2 protein chains.
Amino acid sequence: MGISVEQWVQKICAGDRRAIARAISSVERKEATSVALLRALFHQAGKAYTIGITGAPGAGKSTLLEKMATEFRRSGKRVGIVAVDPTSPFSGGAILGDRIRMQALATDEGTYIRSMATRGQLGGLAPTARDVALILDAAGCDVVFIETVGVGQDEVDVARLADATVVLVVPGMGDGVQTFKAGVMEIADLFVINKSDRPGAELIERELNMLLSAGTYSDVRRPPLVKTTATAGEGVPELCEELEKFRTATEGSPAGLNRRREHARLHLLELLRQRLFERVAEERIDMKQISEYVEAILARRRDPHSIVEEMLEESGVGSGRG
Amino acid sequence: MGISVEQWVQKICAGDRRAIARAISSVERKEATSVALLRALFHQAGKAYTIGITGAPGAGKSTLLEKMATEFRRSGKRVGIVAVDPTSPFSGGAILGDRIRMQALATDEGTYIRSMATRGQLGGLAPTARDVALILDAAGCDVVFIETVGVGQDEVDVARLADATVVLVVPGMGDGVQTFKAGVMEIADLFVINKSDRPGAELIERELNMLLSAGTYSDVRRPPLVKTTATAGEGVPELCEELEKFRTATEGSPAGLNRRREHARLHLLELLRQRLFERVAEERIDMKQISEYVEAILARRRDPHSIVEEMLEESGVGSGRG
């Protein structure tokens, strides 16, 4: 970029869109300068409300996001959107009509939209999503949405960095009540039944309420349930209001503090895990030897566990135990 | 268990169901003995055909799996099923009728079914799924299925351990052609259009064929496309045949060898990453200090990156660079 990290940080904090875009690319490509940048930006951030939003493809996440962004913009808030759903219109993977609608939002000065193409990376997409959210936070976004799809590892990881997680369900789409049991119940802070004008909306609402009653929400609030019809904008102001309520309720509470503490702890350990590997892999392990090891594994002459123990010993890390 | 690792391995290789179940639990709980067990089992394994099968909730994965297992059983093969889909009937998260049907399969001596509850773990579910597949391989399963849901990190990781990956799609379920673009195209070895008697089957077939033609499949086979109606068992023999064909084609080919080489390399690096963290975290880092670091992060007195660098220096790992 030809400028110092300090200048770069200044530009980002001033909301310079090119500087922001360049910072996100730098983080995605894991450029060496990105760490210095993130360290500096960390001290400028911490004001944004980070909201994870997840749901199956076709649940209407993007339409809802667009309406929510517009609603938050109406109250003067700056909005960032990080789309990690490969099917999202924000990621450019959608039909033209959707894309044109999103374009209107994208050209608004108070909204920053970025899609991420990091699915399938070693270590998952959450670390990058977290860094991108940090950049948008430092850039002055009051609300940062992170859009994911499904109920997999990525969603759990994103829930671990978000201040609130919204789970979107729709009537009659095959993702019946059984989907919620495992995985989703524990990450949802707020449920949305979108396309609630469709048949089956009442059934799914009843099922959800049943599950929510069965769950143990003693130390945290029971997740509210909001019905929306995103295409018509119905229920969107209520949803934004619930999100604000959730923020207020958790910001000062012991449960909210514990959550942030746990998130920070997991982040620190994950970062340690990552940097440890980078350090040792770069400096102490003969990566050329890896291919010899691989051949030994393929021939079943040696098993991976014993090789790794050997690598640890040789790198000097394994010496602690003798 | 009160027996030696050698005895345990013997029992597993003899197909003792209790020994197998105990081994899987040991791996899931990351018990200390599980490493010795996996090391010994590695030399007994390598004969199974590991097949990843992925698709959205409601796509009919479990029904198809049940029919495929029955088909493989008919030709005398032993079948293992590892279900990591929280919505799967195998995981107990389904309606009663499904569960009863699966029960018939579960009581068959030549079939071993196990659901995994490891979603949300640090490092993802793939490492455990791989170990479970290894156990079933050593236990004499000729085919091991790993069932996942969606297009997230878990699916990419499972594709990296499977010999073949089957991607299931269904007509008119919102996961239109745009879903395939990112993520799925690169992991699919075989596409299945399930519920192909439904309206929209031809449309999705046309779209898929278009995408497959546009892709570059120069060094590997273009993924075949099989149409099934799992509930009626239609297309299932053809699907199993295609899977056998894929195995034969890749087993001897340079592309197939490269794939196994790359999988082994990624596995080795992931294992190194994991063990490195465990070693250093256990032996060299004052985990009590972590909570102090966390408070410093929450107060924004310090950023996570600088803390991790400090931890690396203090642990002696960072000394390489000065």
# chains A, B, ... in the order shown; residues from 1 in each chain; ligands from 1
$ residues_around --residues "Ala40 of chain B" --least-positions-apart "2" --cutoff "12 Å" --atoms "only C-alpha atoms" --output "PyMOL selection string"
(chain A and resi 300-306) or (chain B and resi 4-10+12-13+33-38+42-45+134-135+138)
$ residues_around --residues "Glu202 of chain A" --least-positions-apart "6" --cutoff "12 Å" --atoms "only C-alpha atoms" --output "list in words"
Val170, Pro171, Gly172, Ile193, Asn194, Lys195, Ser196, Leu208, Asn209 and Lys227 of chain A
$ select_by_dssp --residues "segment 179-321 of chain A" --states "strand (DSSP E or B)" --output "PyMOL selection string"
chain A and resi 190-193+225-227+229+234
$ write_last_selection --atoms "N, CA and C atoms" --output "JSON list (two decimals), in the first residue's frame"
[["chain", "number", "residue", "atom", "x", "y", "z"],
["A", 190, "LEU", "N", -31.61, -15.98, 19.70],
["A", 190, "LEU", "CA", -32.86, -15.44, 19.19],
["A", 190, "LEU", "C", -33.30, -16.29, 18.00],
["A", 191, "PHE", "N", -34.53, -16.73, 18.02],
["A", 191, "PHE", "CA", -35.05, -17.49, 16.89],
["A", 191, "PHE", "C", -35.93, -16.60, 16.02],
["A", 192, "VAL", "N", -35.78, -16.77, 14.70],
["A", 192, "VAL", "CA", -36.67, -16.08, 13.77],
["A", 192, "VAL", "C", -37.38, -17.12, 12.92],
["A", 193, "ILE", "N", -38.70, -17.04, 12.89],
["A", 193, "ILE", "CA", -39.44, -17.83, 11.92],
["A", 193, "ILE", "C", -39.72, -16.91, 10.75],
["A", 225, "LEU", "N", -38.57, -15.45, 20.35],
["A", 225, "LEU", "CA", -38.94, -15.97, 19.05],
["A", 225, "LEU", "C", -39.68, -14.87, 18.30],
["A", 226, "VAL", "N", -39.15, -14.49, 17.15],
["A", 226, "VAL", "CA", -39.76, -13.41, 16.38],
["A", 226, "VAL", "C", -40.22, -13.96, 15.04],
["A", 227, "LYS", "N", -41.44, -13.59, 14.63],
["A", 227, "LYS", "CA", -41.93, -14.02, 13.33],
["A", 227, "LYS", "C", -41.76, -12.89, 12.31],
["A", 229, "THR", "N", -41.76, -11.75, 7.91],
["A", 229, "THR", "CA", -41.91, -12.02, 6.49],
["A", 229, "THR", "C", -40.99, -11.02, 5.82],
["A", 234, "GLU", "N", -42.08, -7.35, 7.19],
["A", 234, "GLU", "CA", -42.88, -7.55, 8.41],
["A", 234, "GLU", "C", -42.07, -8.22, 9.53]]
$ closest_residue --among "A:Asp163, A:Glu278, A:Asp108, A:Asp197" --to "chain B" --atoms "only C-alpha atoms"
A:Glu278
$ residues_around --residues "Glu295 of chain A" --least-positions-apart "4" --cutoff "10 Å" --atoms "only C-alpha atoms" --output "PyMOL selection string"
(chain A and resi 290-291+299-302) or (chain B and resi 260-261+264-265)
$ write_last_selection --atoms "all heavy atoms" --output "PDB file, in the first residue's frame"
ATOM      1  N   ILE A 290       8.521 -34.058   5.337  1.00  0.00           N
ATOM      2  CA  ILE A 290       7.103 -34.402   5.376  1.00  0.00           C
ATOM      3  C   ILE A 290       6.753 -35.383   4.259  1.00  0.00           C
ATOM      4  O   ILE A 290       6.048 -36.366   4.482  1.00  0.00           O
ATOM      5  CB  ILE A 290       6.232 -33.124   5.254  1.00  0.00           C
ATOM      6  CG1 ILE A 290       6.423 -32.226   6.476  1.00  0.00           C
ATOM      7  CG2 ILE A 290       4.761 -33.501   5.079  1.00  0.00           C
ATOM      8  CD1 ILE A 290       5.614 -32.588   7.684  1.00  0.00           C
ATOM      9  N   SER A 291       7.261 -35.130   3.068  1.00  0.00           N
ATOM     10  CA  SER A 291       6.879 -36.002   1.956  1.00  0.00           C
ATOM     11  C   SER A 291       7.401 -37.428   2.145  1.00  0.00           C
ATOM     12  O   SER A 291       6.741 -38.388   1.748  1.00  0.00           O
ATOM     13  CB  SER A 291       7.339 -35.421   0.620  1.00  0.00           C
ATOM     14  OG  SER A 291       8.682 -35.044   0.690  1.00  0.00           O
ATOM     15  N   ALA A 299       2.388 -46.331   2.596  1.00  0.00           N
ATOM     16  CA  ALA A 299       2.834 -47.728   2.522  1.00  0.00           C
ATOM     17  C   ALA A 299       2.527 -48.485   3.819  1.00  0.00           C
ATOM     18  O   ALA A 299       2.820 -49.666   3.935  1.00  0.00           O
ATOM     19  CB  ALA A 299       4.326 -47.774   2.230  1.00  0.00           C
ATOM     20  N   ARG A 300       1.944 -47.762   4.785  1.00  0.00           N
ATOM     21  CA  ARG A 300       1.631 -48.296   6.119  1.00  0.00           C
ATOM     22  C   ARG A 300       2.863 -48.839   6.841  1.00  0.00           C
ATOM     23  O   ARG A 300       2.778 -49.735   7.661  1.00  0.00           O
ATOM     24  CB  ARG A 300       0.530 -49.372   6.042  1.00  0.00           C
ATOM     25  CG  ARG A 300      -0.765 -48.753   5.580  1.00  0.00           C
ATOM     26  CD  ARG A 300      -2.029 -49.304   6.100  1.00  0.00           C
ATOM     27  NE  ARG A 300      -3.073 -48.360   5.678  1.00  0.00           N
ATOM     28  CZ  ARG A 300      -3.899 -47.747   6.493  1.00  0.00           C
ATOM     29  NH1 ARG A 300      -3.878 -47.992   7.768  1.00  0.00           N
ATOM     30  NH2 ARG A 300      -4.785 -46.890   6.021  1.00  0.00           N
ATOM     31  N   ARG A 301       4.016 -48.298   6.491  1.00  0.00           N
ATOM     32  CA  ARG A 301       5.217 -48.659   7.233  1.00  0.00           C
ATOM     33  C   ARG A 301       5.195 -47.990   8.604  1.00  0.00           C
ATOM     34  O   ARG A 301       5.693 -48.522   9.575  1.00  0.00           O
ATOM     35  CB  ARG A 301       6.476 -48.199   6.482  1.00  0.00           C
ATOM     36  CG  ARG A 301       6.863 -49.050   5.280  1.00  0.00           C
ATOM     37  CD  ARG A 301       8.315 -48.805   4.874  1.00  0.00           C
ATOM     38  NE  ARG A 301       8.649 -47.389   4.735  1.00  0.00           N
ATOM     39  CZ  ARG A 301       8.461 -46.669   3.611  1.00  0.00           C
ATOM     40  NH1 ARG A 301       7.936 -47.232   2.539  1.00  0.00           N
ATOM     41  NH2 ARG A 301       8.802 -45.395   3.570  1.00  0.00           N
ATOM     42  N   ARG A 302       4.619 -46.787   8.634  1.00  0.00           N
ATOM     43  CA  ARG A 302       4.574 -46.057   9.900  1.00  0.00           C
ATOM     44  C   ARG A 302       3.198 -45.425  10.089  1.00  0.00           C
ATOM     45  O   ARG A 302       2.518 -45.093   9.126  1.00  0.00           O
ATOM     46  CB  ARG A 302       5.635 -44.946   9.903  1.00  0.00           C
ATOM     47  CG  ARG A 302       7.053 -45.494   9.790  1.00  0.00           C
ATOM     48  CD  ARG A 302       8.042 -44.439  10.177  1.00  0.00           C
ATOM     49  NE  ARG A 302       7.821 -43.988  11.562  1.00  0.00           N
ATOM     50  CZ  ARG A 302       8.513 -43.005  12.123  1.00  0.00           C
ATOM     51  NH1 ARG A 302       9.433 -42.365  11.436  1.00  0.00           N
ATOM     52  NH2 ARG A 302       8.279 -42.646  13.366  1.00  0.00           N
TER      53      ARG A 302
ATOM     54  N   ARG B 260      -4.596 -39.461  -2.216  1.00  0.00           N
ATOM     55  CA  ARG B 260      -4.282 -40.112  -0.945  1.00  0.00           C
ATOM     56  C   ARG B 260      -3.053 -39.469  -0.294  1.00  0.00           C
ATOM     57  O   ARG B 260      -2.968 -39.328   0.916  1.00  0.00           O
ATOM     58  CB  ARG B 260      -4.068 -41.607  -1.157  1.00  0.00           C
ATOM     59  CG  ARG B 260      -5.362 -42.376  -1.385  1.00  0.00           C
ATOM     60  CD  ARG B 260      -5.176 -43.877  -1.274  1.00  0.00           C
ATOM     61  NE  ARG B 260      -4.257 -44.409  -2.273  1.00  0.00           N
ATOM     62  CZ  ARG B 260      -4.570 -44.649  -3.542  1.00  0.00           C
ATOM     63  NH1 ARG B 260      -5.797 -44.400  -3.977  1.00  0.00           N
ATOM     64  NH2 ARG B 260      -3.686 -45.137  -4.372  1.00  0.00           N
ATOM     65  N   ARG B 261      -2.118 -39.078  -1.136  1.00  0.00           N
ATOM     66  CA  ARG B 261      -0.899 -38.414  -0.662  1.00  0.00           C
ATOM     67  C   ARG B 261      -1.254 -37.087   0.017  1.00  0.00           C
ATOM     68  O   ARG B 261      -0.788 -36.795   1.108  1.00  0.00           O
ATOM     69  CB  ARG B 261       0.001 -38.166  -1.870  1.00  0.00           C
ATOM     70  CG  ARG B 261       1.441 -37.925  -1.559  1.00  0.00           C
ATOM     71  CD  ARG B 261       2.273 -37.927  -2.827  1.00  0.00           C
ATOM     72  NE  ARG B 261       2.894 -39.193  -3.111  1.00  0.00           N
ATOM     73  CZ  ARG B 261       3.051 -39.716  -4.338  1.00  0.00           C
ATOM     74  NH1 ARG B 261       2.589 -39.072  -5.393  1.00  0.00           N
ATOM     75  NH2 ARG B 261       3.639 -40.867  -4.504  1.00  0.00           N
ATOM     76  N   ALA B 264      -3.045 -37.668   3.304  1.00  0.00           N
ATOM     77  CA  ALA B 264      -2.113 -38.100   4.354  1.00  0.00           C
ATOM     78  C   ALA B 264      -1.294 -36.909   4.854  1.00  0.00           C
ATOM     79  O   ALA B 264      -1.039 -36.766   6.051  1.00  0.00           O
ATOM     80  CB  ALA B 264      -1.196 -39.195   3.834  1.00  0.00           C
ATOM     81  N   ARG B 265      -0.906 -36.034   3.919  1.00  0.00           N
ATOM     82  CA  ARG B 265      -0.126 -34.861   4.290  1.00  0.00           C
ATOM     83  C   ARG B 265      -0.934 -33.935   5.199  1.00  0.00           C
ATOM     84  O   ARG B 265      -0.457 -33.479   6.242  1.00  0.00           O
ATOM     85  CB  ARG B 265       0.315 -34.104   3.026  1.00  0.00           C
ATOM     86  CG  ARG B 265       1.455 -33.118   3.224  1.00  0.00           C
ATOM     87  CD  ARG B 265       1.785 -32.381   1.922  1.00  0.00           C
ATOM     88  NE  ARG B 265       0.688 -31.523   1.506  1.00  0.00           N
ATOM     89  CZ  ARG B 265       0.489 -30.281   1.973  1.00  0.00           C
ATOM     90  NH1 ARG B 265       1.323 -29.764   2.842  1.00  0.00           N
ATOM     91  NH2 ARG B 265      -0.539 -29.562   1.561  1.00  0.00           N
TER      92      ARG B 265
END
$ closest_residue --among "A:Asp157, A:Glu238, A:Glu251, A:Glu147" --to "chain B" --atoms "only C-alpha atoms"
A:Asp157
$ residues_around --residues "Pro127 of chain B" --least-positions-apart "4" --cutoff "10 Å" --atoms "only C-alpha atoms" --output "list in words"
Val27, Glu28, Gly123, Asp131, Val132, Ala133, Asp154, Asp157, Val158, Leu161, His267, Glu270, Leu271 and Gln274 of chain B
$ residues_around --residues "segment 59-63 of chain B" --least-positions-apart "3" --cutoff "7 Å" --atoms "only C-alpha atoms" --output "list of chain:residue names"
B:Gly55, B:Ala56, B:Glu66, B:Lys67, B:Ser88, B:Pro89, B:Leu168, B:Val169, B:Val170, B:Ala230, B:Thr231
$ atom_distance --atom1 "atom CA of Leu105 of chain A" --atom2 "atom CA of Arg160 of chain A"
27.5 Å
$ atom_distance --atom1 "atom CA of Gly233 of chain A" --atom2 "atom CA of Leu64 of chain A"
7.8 Å
